[in-house]
Structure formats: C-alpha cells, structure tokens
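To be precise, the following lines are work02.cif, and they hold mmCIF, C-alpha atoms and all ligand atoms.
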data_structure
loop_
_atom_site.label_atom_id
_atom_site.label_comp_id
_atom_site.auth_asym_id
_atom_site.auth_seq_id
_atom_site.Cartn_x
_atom_site.Cartn_y
_atom_site.Cartn_z
CA MET A 84 9.90 21.54 18.98
CA SER A 85 9.73 23.59 22.19
CA LYS A 86 8.38 27.12 22.27
CA LYS A 87 11.71 28.48 23.39
CA VAL A 88 13.52 27.01 20.40
CA TRP A 89 10.81 28.41 18.18
CA MET A 90 11.26 31.90 19.53
CA ILE A 91 14.99 31.74 18.83
CA LEU A 92 14.21 30.50 15.32
CA VAL A 93 11.79 33.33 14.71
CA VAL A 94 14.54 35.80 15.41
CA LEU A 95 16.95 33.92 13.15
CA LEU A 96 14.39 33.62 10.38
CA VAL A 97 13.47 37.26 10.43
CA ALA A 98 17.14 37.95 9.79
CA VAL A 99 17.34 35.36 7.01
CA ALA A 100 14.09 36.51 5.40
CA ALA A 101 15.26 40.12 5.45
CA SER A 102 18.43 39.18 3.60
CA ALA A 103 16.49 37.19 0.99
CA CYS A 104 14.01 39.94 0.16
CA GLY A 105 16.07 41.45 -2.58
CA GLU A 106 15.76 38.40 -4.82
CA ASP A 107 13.73 38.46 -8.02
CA ALA A 108 10.42 36.67 -8.21
CA HIS A 109 10.91 32.96 -8.92
CA ASP A 110 9.57 31.25 -11.96
CA HIS A 111 6.52 29.23 -10.88
CA ASP A 112 5.46 28.05 -14.29
CA HIS A 113 8.32 25.64 -14.56
CA GLU A 114 7.48 23.87 -11.35
CA ASN A 115 5.41 21.27 -13.22
CA GLU A 116 8.53 20.12 -15.06
CA GLY A 117 9.57 18.59 -11.79
CA ASP A 118 6.37 16.57 -11.48
CA LEU A 119 7.62 13.56 -13.42
CA TYR A 120 10.86 13.47 -11.50
CA GLU A 121 8.92 13.82 -8.28
CA ALA A 122 6.55 11.08 -9.33
CA SER A 123 9.38 8.64 -9.88
CA PHE A 124 10.92 9.67 -6.59
CA VAL A 125 7.61 9.05 -4.93
CA GLU A 126 7.50 5.57 -6.40
CA ALA A 127 10.97 4.84 -5.11
CA GLN A 128 9.94 6.14 -1.72
CA ALA A 129 6.65 4.28 -1.80
CA ALA A 130 7.45 2.38 1.34
CA LYS A 131 7.52 5.71 3.11
CA ALA A 132 4.40 7.13 1.52
CA ASP A 133 2.01 4.76 3.15
CA GLY A 134 -0.96 6.42 1.53
CA ASN A 135 0.16 4.98 -1.82
CA ILE A 136 1.63 1.61 -1.13
CA GLY A 137 -1.64 -0.25 -1.09
CA ARG A 138 -1.97 0.71 -4.72
CA LEU A 139 1.18 -0.96 -5.94
CA GLY A 140 -0.47 -4.33 -6.46
CA SER A 141 1.97 -6.74 -4.87
CA VAL A 142 2.44 -4.76 -1.68
CA ALA A 143 0.18 -5.05 1.34
CA PRO A 144 -0.41 -1.51 2.56
CA ASP A 145 0.10 -1.97 6.30
CA ARG A 146 3.50 -2.30 7.96
CA LYS A 147 2.59 -2.17 11.61
CA PRO A 148 4.29 -4.66 13.87
CA PHE A 149 2.11 -7.72 13.39
CA GLY A 150 2.65 -9.13 16.87
CA LYS A 151 3.10 -12.71 15.62
CA GLN A 152 -0.31 -12.68 13.93
CA VAL A 153 -0.62 -14.33 10.52
CA ALA A 154 -3.34 -13.91 7.88
CA LEU A 155 -3.43 -16.79 5.39
CA THR A 156 -4.61 -16.04 1.84
CA PHE A 157 -5.24 -18.44 -1.03
CA ASP A 158 -5.31 -17.31 -4.69
CA ASP A 159 -6.41 -18.72 -8.04
CA GLY A 160 -9.21 -21.03 -6.85
CA PRO A 161 -11.77 -22.33 -6.41
CA HIS A 162 -10.45 -25.82 -7.16
CA THR A 163 -12.97 -28.67 -7.19
CA THR A 164 -11.09 -31.01 -4.83
CA ARG A 165 -8.18 -29.02 -3.38
CA THR A 166 -10.01 -25.97 -2.04
CA PRO A 167 -12.33 -28.17 0.08
CA ARG A 168 -9.28 -29.92 1.60
CA VAL A 169 -7.72 -26.55 2.48
CA LEU A 170 -11.07 -25.65 4.07
CA ASP A 171 -10.95 -28.90 6.08
CA THR A 172 -7.48 -28.00 7.40
CA LEU A 173 -8.57 -24.48 8.37
CA LYS A 174 -11.70 -25.81 10.05
CA ALA A 175 -9.70 -28.32 12.09
CA HIS A 176 -7.63 -25.46 13.50
CA GLY A 177 -10.41 -22.88 13.75
CA ILE A 178 -8.53 -20.57 11.36
CA LYS A 179 -10.31 -17.99 9.18
CA ALA A 180 -8.57 -17.17 5.90
CA THR A 181 -9.17 -15.28 2.62
CA PHE A 182 -9.79 -16.85 -0.79
CA PHE A 183 -9.03 -14.64 -3.81
CA ILE A 184 -10.92 -16.39 -6.58
CA ASN A 185 -10.89 -16.27 -10.38
CA GLY A 186 -14.39 -15.86 -11.79
CA ASN A 187 -13.77 -18.23 -14.69
CA ARG A 188 -13.33 -21.11 -12.23
CA VAL A 189 -16.83 -20.66 -10.89
CA ASN A 190 -19.31 -23.21 -12.27
CA ASP A 191 -21.97 -25.61 -11.00
CA ASP A 192 -19.27 -27.81 -9.42
CA THR A 193 -17.36 -25.06 -7.64
CA ARG A 194 -20.19 -22.69 -6.67
CA PRO A 195 -21.01 -24.77 -3.56
CA ILE A 196 -17.36 -24.32 -2.48
CA LEU A 197 -17.84 -20.56 -2.55
CA LYS A 198 -20.89 -20.97 -0.32
CA ARG A 199 -18.87 -23.14 2.05
CA ILE A 200 -16.07 -20.53 2.17
CA ILE A 201 -18.58 -17.93 3.35
CA GLU A 202 -20.51 -20.23 5.69
CA GLU A 203 -17.32 -21.22 7.47
CA GLY A 204 -16.44 -17.57 8.14
CA HIS A 205 -13.74 -16.99 5.54
CA ILE A 206 -13.49 -14.00 3.23
CA LEU A 207 -14.37 -14.46 -0.44
CA ALA A 208 -12.37 -12.00 -2.53
CA ASN A 209 -11.76 -11.00 -6.14
CA HIS A 210 -8.65 -12.07 -8.12
CA SER A 211 -9.99 -11.04 -11.57
CA TYR A 212 -11.90 -13.16 -14.07
CA ASN A 213 -9.24 -15.21 -15.87
CA HIS A 214 -5.99 -14.09 -14.25
CA PRO A 215 -4.62 -11.66 -16.84
CA ASN A 216 -1.53 -9.54 -16.42
CA PHE A 217 -3.08 -6.07 -16.06
CA ARG A 218 0.21 -4.37 -16.92
CA SER A 219 1.17 -6.25 -20.07
CA GLY A 220 -2.39 -6.99 -21.15
CA GLU A 221 -1.57 -10.68 -21.51
CA ASN A 222 -4.69 -12.90 -21.26
CA MET A 223 -6.78 -9.81 -20.79
CA SER A 224 -9.28 -10.76 -23.47
CA GLU A 225 -8.78 -14.48 -23.87
CA ARG A 226 -12.03 -16.37 -24.40
CA ASN A 227 -14.12 -14.46 -21.98
CA ALA A 228 -16.93 -12.01 -21.82
CA CYS A 229 -14.45 -9.16 -21.85
CA SER A 230 -13.13 -9.55 -25.36
CA ARG A 231 -15.21 -7.52 -27.80
CA SER A 232 -14.86 -3.86 -28.56
CA ASP A 233 -14.08 -1.45 -31.36
CA GLU A 234 -11.55 1.10 -30.22
CA ARG A 235 -8.22 -0.14 -28.93
CA ARG A 236 -7.54 2.12 -25.96
CA THR A 237 -11.10 1.96 -24.78
CA GLU A 238 -10.94 -1.77 -25.25
CA ARG A 239 -8.13 -2.20 -22.70
CA LEU A 240 -9.95 -0.07 -20.14
CA ARG A 241 -13.17 -1.94 -20.76
CA GLN A 242 -11.37 -5.26 -20.42
CA GLU A 243 -9.86 -4.20 -17.11
CA GLU A 244 -13.28 -3.19 -15.87
CA CYS A 245 -14.79 -6.41 -17.13
CA GLN A 246 -12.07 -8.53 -15.46
CA ILE A 247 -12.85 -6.86 -12.16
CA GLU A 248 -16.64 -6.63 -12.50
CA THR A 249 -17.40 -10.14 -13.72
CA THR A 250 -15.91 -11.67 -10.57
CA HIS A 251 -17.26 -8.80 -8.46
CA ASN A 252 -20.78 -9.72 -9.53
CA ILE A 253 -20.24 -13.43 -8.81
CA ILE A 254 -19.12 -12.59 -5.27
CA ALA A 255 -21.85 -9.98 -4.80
CA GLU A 256 -24.49 -12.68 -5.28
CA LEU A 257 -23.14 -14.42 -2.17
CA THR A 258 -21.63 -11.75 0.07
CA GLU A 259 -20.45 -8.15 0.09
CA PRO A 260 -17.25 -7.92 -2.00
CA VAL A 261 -14.51 -5.93 -0.25
CA TYR A 262 -11.05 -7.07 -1.33
CA PHE A 263 -9.21 -7.42 -4.64
CA ARG A 264 -5.77 -8.78 -5.47
CA PHE A 265 -4.09 -8.20 -8.83
CA PRO A 266 -2.82 -11.36 -10.56
CA TYR A 267 1.00 -11.35 -10.24
CA GLY A 268 0.53 -8.22 -8.11
CA ASN A 269 0.57 -6.27 -11.39
CA ASN A 270 -1.73 -3.28 -11.17
CA THR A 271 -2.52 -0.29 -13.38
CA ASP A 272 -3.72 3.16 -12.36
CA SER A 273 -6.89 2.78 -14.40
CA ALA A 274 -7.72 -0.55 -12.74
CA ASN A 275 -7.00 0.98 -9.33
CA ASN A 276 -9.44 3.76 -10.15
CA HIS A 277 -12.06 1.22 -11.09
CA LEU A 278 -11.52 -0.62 -7.80
CA ASP A 279 -12.08 2.69 -6.01
CA LYS A 280 -15.31 3.15 -7.94
CA LEU A 281 -16.57 -0.24 -6.80
CA GLY A 282 -15.36 0.36 -3.24
CA LEU A 283 -12.88 -2.53 -3.49
CA ARG A 284 -9.60 -2.51 -1.56
CA SER A 285 -6.49 -3.90 -3.19
CA THR A 286 -3.90 -5.85 -1.29
CA GLY A 287 -0.74 -7.75 -2.06
CA TRP A 288 1.10 -9.76 0.60
CA HIS A 289 3.91 -9.53 3.14
CA VAL A 290 5.16 -13.08 2.71
CA ASP A 291 5.16 -15.11 -0.52
CA SER A 292 5.17 -18.85 0.19
CA GLY A 293 6.47 -19.48 -3.34
CA ASP A 294 4.21 -22.55 -3.31
CA TRP A 295 3.80 -22.46 -7.10
CA CYS A 296 7.55 -22.98 -7.40
CA PHE A 297 7.81 -25.69 -4.74
CA SER A 298 4.93 -27.53 -6.37
CA ASN A 299 6.10 -29.81 -9.20
CA SER A 300 3.27 -28.63 -11.38
CA ASN A 301 4.68 -25.14 -11.72
CA GLY A 302 8.08 -23.60 -12.10
CA GLY A 303 10.02 -26.27 -10.23
CA ASN A 304 12.56 -28.77 -11.53
CA GLY A 305 10.18 -31.71 -11.46
CA ASN A 306 10.85 -32.66 -7.86
CA VAL A 307 7.95 -31.89 -5.57
CA GLY A 308 9.13 -29.65 -2.75
CA ASP A 309 12.13 -28.28 -4.64
CA CYS A 310 12.26 -24.70 -5.76
CA PRO A 311 15.37 -24.15 -7.87
CA ARG A 312 14.60 -20.50 -8.50
CA SER A 313 17.16 -18.29 -6.81
CA SER A 314 14.68 -15.43 -6.98
CA ILE A 315 12.33 -17.24 -4.63
CA THR A 316 14.78 -18.51 -2.05
CA SER A 317 18.09 -17.30 -0.82
CA ASN A 318 19.65 -20.46 0.58
CA THR A 319 19.80 -24.16 -0.12
CA GLU A 320 17.88 -25.23 2.94
CA HIS A 321 14.91 -23.13 1.91
CA GLN A 322 15.05 -24.26 -1.69
CA LYS A 323 14.19 -27.73 -0.44
CA SER A 324 11.33 -26.72 1.82
CA MET A 325 8.38 -24.43 1.28
CA VAL A 326 7.61 -24.60 4.99
CA ALA A 327 11.11 -23.46 5.97
CA HIS A 328 11.05 -20.77 3.29
CA THR A 329 7.67 -19.46 4.40
CA MET A 330 8.57 -19.63 8.11
CA ALA A 331 11.67 -17.55 7.40
CA GLY A 332 9.52 -14.91 5.70
CA ILE A 333 6.96 -14.90 8.49
CA ASP A 334 9.68 -14.68 11.16
CA LYS A 335 11.21 -11.73 9.34
CA HIS A 336 7.94 -9.78 9.45
CA GLN A 337 6.76 -11.36 12.72
CA GLY A 338 3.50 -12.19 10.98
CA GLY A 339 1.55 -10.45 8.23
CA ILE A 340 -0.37 -11.51 5.14
CA VAL A 341 0.90 -14.76 3.57
CA LEU A 342 0.28 -15.79 -0.04
CA PHE A 343 -0.62 -19.34 -1.15
CA HIS A 344 -2.46 -20.89 -4.09
CA ASP A 345 -5.11 -23.47 -3.27
CA ILE A 346 -4.85 -25.02 -6.73
CA HIS A 347 -1.60 -26.95 -6.03
CA GLU A 348 -1.61 -30.41 -4.48
CA TYR A 349 1.67 -29.57 -2.75
CA THR A 350 0.09 -26.54 -1.07
CA VAL A 351 -2.80 -28.64 0.19
CA THR A 352 -0.40 -31.11 1.87
CA GLN A 353 2.11 -28.56 3.20
CA VAL A 354 -0.20 -25.90 4.67
CA PRO A 355 -1.13 -28.19 7.60
CA VAL A 356 2.59 -28.72 8.31
CA LEU A 357 3.19 -24.98 8.26
CA ILE A 358 0.20 -24.29 10.52
CA GLU A 359 1.53 -26.76 13.13
CA LYS A 360 4.93 -25.12 12.95
CA LEU A 361 3.44 -21.63 13.34
CA ILE A 362 1.44 -22.69 16.37
CA GLU A 363 4.56 -24.29 17.90
CA SER A 364 6.43 -21.03 17.35
CA GLY A 365 3.79 -18.98 19.16
CA TYR A 366 2.00 -17.47 16.17
CA THR A 367 -1.74 -16.88 16.13
CA PHE A 368 -4.07 -16.51 13.17
CA THR A 369 -6.13 -13.54 12.06
CA ASN A 370 -7.70 -12.39 8.80
CA ILE A 371 -7.16 -9.47 6.44
CA ASP A 372 -10.23 -7.63 7.80
CA ASN A 373 -8.47 -7.13 11.16
CA VAL A 374 -8.75 -3.32 11.29
CA GLU A 375 -6.33 -2.91 14.15
CA LEU A 376 -3.61 -4.93 12.44
CA PHE A 377 -4.30 -3.78 8.87
CA PRO A 378 -5.82 -0.28 9.25
CA ILE A 379 -4.82 1.14 5.87
CA LEU A 380 -6.07 -1.91 3.99
CA ASN A 381 -9.36 -1.51 5.81
CA GLY A 382 -9.87 2.11 4.86
CA ILE A 383 -8.42 3.94 7.83
CA THR A 384 -6.40 6.72 6.25
CA PRO A 385 -3.20 7.32 8.15
CA ALA A 386 -2.05 10.82 8.92
CA PHE A 387 0.23 12.26 6.26
CA ILE A 388 2.39 15.33 5.71
CA GLY A 389 0.27 18.43 6.38
CA ASP A 390 -2.38 16.64 8.44
CA VAL A 391 -3.25 18.27 11.74
CA CYS A 392 -1.66 16.64 14.80
CA ALA A 393 -1.12 17.23 18.48
CA ASP A 394 1.64 14.67 19.05
CA ASP A 395 4.19 12.53 17.21
CA GLU A 396 2.05 9.43 17.69
CA THR A 397 -0.49 10.78 15.17
CA CYS A 398 2.19 11.02 12.47
CA ASN A 399 3.45 7.46 12.90
CA TYR A 400 2.64 6.31 9.39
CA THR A 401 4.63 8.90 7.52
CA GLY A 402 7.75 7.98 9.45
CA GLY A 403 7.50 11.57 10.54
CA PHE A 404 6.72 13.68 13.54
CA CYS A 405 4.36 16.41 14.62
CA GLU A 406 5.67 19.92 14.05
CA ILE A 407 4.25 22.00 16.89
CA TYR A 408 4.26 25.80 16.67
CA PRO A 409 2.43 28.78 18.11
CA ALA A 410 -1.04 29.00 16.59
CA SER A 411 -0.55 32.75 16.29
CA LEU A 412 1.84 35.43 17.49
CA ASP A 413 -0.56 36.87 20.03
CA SER A 414 -1.73 33.66 21.67
CA MET A 415 -0.16 30.91 23.72
CA ASP A 416 -2.14 28.24 21.86
CA LEU A 417 -0.25 25.65 19.90
CA ALA A 418 -1.02 24.10 16.54
CA GLY A 419 0.69 21.27 14.67
CA PHE A 420 0.95 19.38 11.40
CA CYS A 421 2.66 16.15 10.42
CA THR A 422 6.02 16.50 8.74
CA GLU A 423 9.25 14.61 8.17
CA LYS A 424 12.87 15.43 7.46
CA CYS A 425 13.79 15.79 3.78
CA GLU A 426 16.38 16.80 1.25
CA GLY A 427 15.18 17.83 -2.18
CA PHE A 428 11.85 16.06 -2.39
CA CYS A 429 9.08 14.74 -0.20
CA PRO A 430 6.75 11.76 -0.78
CA ASP A 431 3.21 12.38 -1.98
CA ALA A 432 0.11 10.41 -1.13
CA GLY A 433 -3.14 9.89 -3.00
CA GLY A 434 -5.91 12.25 -1.95
CA LYS A 435 -3.55 14.59 -0.11
CA ALA A 436 -2.10 17.92 -1.19
CA GLY A 437 1.25 17.72 -2.94
CA THR A 438 4.27 18.18 -0.71
CA PHE A 439 7.41 20.28 -0.81
CA CYS A 440 10.72 20.18 1.00
CA THR A 441 11.64 23.48 2.62
CA SER A 442 13.65 24.71 5.56
CA PHE A 443 12.36 26.20 8.80
CA ASP A 444 15.79 26.88 10.24
CA GLY A 445 17.34 29.11 7.66
CA GLY A 446 18.68 26.35 5.44
CA LEU A 447 20.28 24.01 7.95
CA THR A 448 17.74 21.20 7.60
CA GLY A 449 14.69 20.51 5.47
CA GLN A 450 11.27 19.27 6.31
CA CYS A 451 8.16 18.40 4.34
CA VAL A 452 5.16 20.70 4.12
CA SER A 453 1.95 20.73 2.10
CA ARG A 454 1.70 22.85 -0.97
CA SER A 455 -1.06 25.44 -0.87
CA ASP A 456 -3.75 23.52 -2.72
CA GLU A 457 -7.50 23.13 -3.10
CA VAL A 458 -7.20 19.91 -1.08
CA ASN A 459 -6.19 21.88 2.04
CA ASN A 460 -8.34 24.88 1.11
CA PHE A 461 -5.19 26.86 0.36
CA CYS A 462 -3.75 26.23 3.84
CA GLN A 463 -6.92 27.25 5.68
CA ASN A 464 -7.44 23.63 6.82
CA ILE A 465 -4.09 23.63 8.60
CA PRO A 466 -4.56 25.88 11.68
CA GLY A 467 -1.88 28.45 12.31
CA THR A 468 -0.44 28.25 8.80
CA LYS A 469 -0.73 30.44 5.78
CA ALA A 470 0.36 30.17 2.20
CA GLN A 471 3.85 31.49 1.70
CA GLU A 472 6.39 31.27 -1.09
CA ARG A 473 9.29 29.14 0.05
CA ASP A 474 12.48 27.88 -1.56
CA ARG A 475 13.13 24.20 -1.95
CA PHE A 476 15.59 22.81 0.59
CA ILE A 477 18.14 20.97 -1.50
CA GLY A 478 20.64 19.63 1.03
CA THR A 479 23.00 17.07 -0.46
CA ASP A 480 20.42 16.03 -3.09
CA ASN A 481 20.57 17.66 -6.52
CA PRO A 482 17.12 18.71 -7.71
CA ARG A 483 16.80 22.06 -9.38
CA PRO A 484 16.00 25.02 -7.16
CA SER A 485 12.35 25.88 -6.96
CA THR A 486 9.98 28.17 -5.15
CA VAL A 487 6.35 27.35 -4.53
CA GLU A 488 3.50 28.42 -2.33
CA VAL A 489 3.32 26.13 0.68
CA CYS A 490 1.58 26.03 4.06
CA VAL A 491 3.96 27.06 6.84
CA PRO A 492 3.36 28.44 10.34
CA ALA A 493 1.95 31.93 9.85
CA PHE A 494 4.35 33.62 12.20
CA LEU A 495 7.28 32.63 9.99
CA ASP A 496 6.07 35.44 7.74
ZN ZN B 1 -2.99 -15.53 -8.94
#
Show how you would write the structure in this file as structure tokens.
Amino acid sequence: MSKKVWMILVVLLVAVAASACGEDAHDHDHENEGDLYEASFVEAQAAKADGNIGRLGSVAPDRKPFGKQVALTFDDGPHTTRTPRVLDTLKAHGIKATFFINGNRVNDDTRPILKRIIEEGHILANHSYNHPNFRSGENMSERNACSRSDERRTERLRQEECQIETTHNIIAELTEPVYFRFPYGNNTDSANNHLDKLGLRSTGWHVDSGDWCFSNSNGGNGNVGDCPRSSITSNTEHQKSMVAHTMAGIDKHQGGIVLFHDIHEYTVTQVPVLIEKLIESGYTFTNIDNVELFPILNGITPAFIGDVCADDETCNYTGGFCEIYPASLDSMDLAGFCTEKCEGFCPDAGGKAGTFCTSFDGGLTGQCVSRSDEVNNFCQNIPGTKAQERDRFIGTDNPRPSTVEVCVPAFLD
C-alpha cells in the first residue's frame, strides 16, 4: 500500500476509532471458545496454511510450480525380487528415487537391497514398521516388537513411537534417516510430534499412481491393468491404464512427487513404460531432497502471516502479500509484515503466533494479523507494530464478534 493511501487511512481511522471509544470493554475470556471452530476452519483451509500441510500425512507440503520435474517414490518394500528390478530400471535411466520401506520386510535377504538403494544414490526412507493405520490403530501392535504395555493410552503412543523408531534405527545403521511417510497417508498429532523429535520430515504425494488398484493382486477386478474403482480414476480410458492415469495426474501438476509401490509385479513392468512416456513429454527427474523444488519438505519455513517482509515476493507461500506501513509516525522508514485478505477467520500455522482477521480500513475489508503472543514477543518482533485491541472483521462470514490483542502498525493507535 502506498504511503499516500496510508495517510488518508490514518485520517479515516482516527475518525472511526474516536467513534468507537465509547464501547464497553469486550469479553476476552470467551475468545478460547472459538478455538475449536478456528481449528476446524484451519484444517479446511490447510491448502492455504502451508506451514501445516506437510503434517496432514497424505499431502506433500510444497505446491510450487514443479517445472515438469518429477520425483518418483516407492512404498511398502523392500521386495526380494521386485525392488531390484525397479532399481535396474532407474539405473538404466540415471534416475534417483526414494524408497519408503517397512521395517518388518528387512531381513538377511532384503538387507543387501537397502545397501544397493543407498549405493546407487537413492533415498532410503521410513514407512513405519508393519504398515499400521496410525489413525484407526489397525495393525498397530500386530506381531511386532511394539505390542506389549500395561496402560491403554500410553500403549497407543508407545506403539506409534515404536512403529517409527524400529524402522528409523534400521535406516540409521545405513544412512542418515530424513523422511517419513504415513501408511495410507494417515497421520496423528502425537506421531507427528514424535517425527519432529527424531528430526524426521513427513511427506505425502502430489500424484497417486493407483498402482495397487491397477495391479491384479490388490483392489482390482482380477484383470491386470484394470482399476474399476471410480475413486481412483475419473474416466474409462484411465481405468484401463495406470500409465495414462498417472500421466494425467502428472500433467495436472506439471510434475511433483509421484507415489508407487515396488511390491507389485504390475508396477515393476509399467514404471519403465511411464518413464519413457515422461521423457517423451519433456519431463525430467529429480528427488524429494531437491530443496529448491520442495523447500517446505526440506525444512525451509515459508513466510507466514505476521512475518517481517519488504516485498510481496516474501509472502508468496501464504497466498498473501506484504503490508507495508510507516515504521513510526516521525520517520520516513517503512516496515512490513505478511498478511492476506480475510473474512471472519485466518489460517494458523504450526510454530507461528495465532492469527486474527481485522480491518485496517474502518471495516470495509479484512486482513490477517498476528495475535500478540509470546511467539512474537508480544509484537516486539514485528517492527513498527504494537499490541492493540481490535475487533474481528466479519464480512459476509458469520463467526461471533470478538476482540483480541493483535499486532498492528503502531500509528493506527
Ligand atoms: Zn504403504
């Protein structure tokens, strides 16, 4: 926003503020009632709140344009004979991929495959011990080292930790473990926290090949290459061809992280066909540790609402822009923080101060600001702002009115 516009706004706001001064103090204590509602809103808006989406299990956190670059990933191995054939295919094309393994498949026969994966420059990653559903608890304790405990709630947490750690330790003997993928993409908060503790990064995928369905061993109608599930494919052509189905997904995203399972014979025979097709169509291959392509997955925290910025470019990831304002009334310096337009609520992100939707233009439009919070040292970490009580901007949404202390440009006082 230009300085001139700001000066006009200041005049307007002084008038608005003066007229609002007669109101009674608002009830702050009830603000927490809105937390649950806000939390569900945040989940619905997860695609916007990039800071959170890596934690949803099935979702890959980055949504940059992928520039026709594809990262192939293979889950559920190692398989004694099929994984080596996938490795042969990758080697023939000079492609590096990622193998998310299940610890219970690692034995004297398959351990050399893990070594080969690493030696040939691929990434060896964690897909739990025996592929449980972390959300439902199914298979969480089945015949493995994670099954015994006394107290039920503790037991589930311990099982989650054991599912992650058992495979973590297997990988750690061979290479530094970095990545984790939840079976079925089904995560839990407690498991996410444990991944954080171990320094593991969770990722889903951008494109699901549906190979398990196209393979006759799983989910199909008995005909290899057919996937009758309408949930997997949207048209008849693609129900008859995993390659066509996967190409359609890759074309839609113009690349990204693609999910396969190296335990299916069908996958082993079709991946080479897909690779040829991708090359013909001008795609190139990368891996999930490509920091430029997948920055969030690789630990680069994107700017979020309330983060300091000097230009809109910085605030790319929030879908927002940089709010620029005078750093103080008696200086020509400018300051800025990332924001975005809102009505009612704003998305939150892990590790950042909570957000709040308020208006800077006397109630015409709303935009997101940080709440005054320990995380931002009660606004002191956002230059040129100070903690002020502001009303929620409701717009056409219908949350209840609320007033909280948020970080807004100091001169709006
Ligand atoms: Zn799996």
Kindly provide, as a PyMOL selection string, all nucleotide and amino acid residues lying within 6 Å of ligand ZN 1 (chain B), counting only C-alpha atoms and all ligand atoms.
-> chain A and resi 158-159+266-267
Please produce, as CSV, a per-residue contact table for region 358-459 of chain A versus region 278-286 of chain A (criterion: any atom at most 8 Å away, only C-alpha atoms considered), showing the nearest atom pair and its distance in Å to one decimal, sorted by chain then residue number.
residue,atom,partner,partner_atom,distance
A:Leu380,CA,A:Arg284,CA,6.6
A:Asn381,CA,A:Arg284,CA,7.4
A:Gly382,CA,A:Arg284,CA,7.9
Enclosing box along x, y and z for every listed atom of region 145-156 of chain A, padded 5 Å each side, centre and size in Å, one decimal, as AutoDock Vina command-line options:
--center_x -0.2 --center_y -9.4 --center_z 9.4 --size_x 18.9 --size_y 24.8 --size_z 25.0
So which residues fall inside 12 Å of (1.8, -26.6, -4.4) if we count all atoms listed in the file? Mind giving them as a ChimeraX atom specification?
-> /A:157-159,165,169,292-303,306-310,324-326,342-354
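If all atoms listed in the file are the atoms counted, then among A:Asp474, A:His336, A:Cys490, A:Gly427 the closest residue to Val458 (chain A) is A:Cys490.
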Residue nearest Asp272 (chain A) among A:Arg454, A:Arg218, A:Arg146, A:Lys469 (counting all atoms listed in the file) |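 Using all atoms listed in the file, the shortest distance to Asp272 (chain A) belongs to A:Arg218.
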Compile the contact shell of Val189 (chain A) as a PDB file with C-alpha atoms, keeping the file's coordinate frame: residues with an atom at most 10 Å away, counting all atoms listed in the file, same-chain residues fewer than 3 positions apart removed.
ATOM      1  CA  GLY A 160      -9.210 -21.030  -6.850  1.00  0.00           C
ATOM      2  CA  PRO A 161     -11.770 -22.330  -6.410  1.00  0.00           C
ATOM      3  CA  HIS A 162     -10.450 -25.820  -7.160  1.00  0.00           C
ATOM      4  CA  THR A 163     -12.970 -28.670  -7.190  1.00  0.00           C
ATOM      5  CA  ILE A 184     -10.920 -16.390  -6.580  1.00  0.00           C
ATOM      6  CA  ASN A 185     -10.890 -16.270 -10.380  1.00  0.00           C
ATOM      7  CA  GLY A 186     -14.390 -15.860 -11.790  1.00  0.00           C
ATOM      8  CA  ASP A 192     -19.270 -27.810  -9.420  1.00  0.00           C
ATOM      9  CA  THR A 193     -17.360 -25.060  -7.640  1.00  0.00           C
ATOM     10  CA  ARG A 194     -20.190 -22.690  -6.670  1.00  0.00           C
ATOM     11  CA  PRO A 195     -21.010 -24.770  -3.560  1.00  0.00           C
ATOM     12  CA  ILE A 196     -17.360 -24.320  -2.480  1.00  0.00           C
ATOM     13  CA  LEU A 197     -17.840 -20.560  -2.550  1.00  0.00           C
ATOM     14  CA  TYR A 212     -11.900 -13.160 -14.070  1.00  0.00           C
ATOM     15  CA  THR A 250     -15.910 -11.670 -10.570  1.00  0.00           C
ATOM     16  CA  ILE A 253     -20.240 -13.430  -8.810  1.00  0.00           C
TER      17      ILE A 253
END
Could you tell me how far CA of Arg241 (chain A) lies from CA of Asn275 (chain A), in Å and to one decimal?
->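 Computing the Euclidean distance for CA of Arg241 (chain A) and CA of Asn275 (chain A) yields 13.3 Å.
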Gap from CA of His205 (chain A) to CA of Thr172 (chain A) - Å, one decimal |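 CA of Thr172 (chain A) lies at a distance of 12.8 Å from CA of His205 (chain A).
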How many Å separate CA of Cys405 (chain A) from CA of Gly287 (chain A)?
->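 So the two atoms, CA of Cys405 (chain A) and CA of Gly287 (chain A), lie 29.8 Å apart.
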Find the residues around Ser273 (chain A) up to 9 Å (all atoms listed in the file counted), leave out those fewer than 6 positions away in its own chain, and share them as a list in words.
-> Leu240, Glu243 and Glu244 of chain A
May I ask which of the residues A:Ala331, A:Val142, A:Val290, A:Met223 is the closest one to Gln242 (chain A), counting only C-alpha atoms?
->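 Of A:Ala331, A:Val142, A:Val290, A:Met223, the one nearest Gln242 (chain A) is A:Met223, counting only C-alpha atoms.
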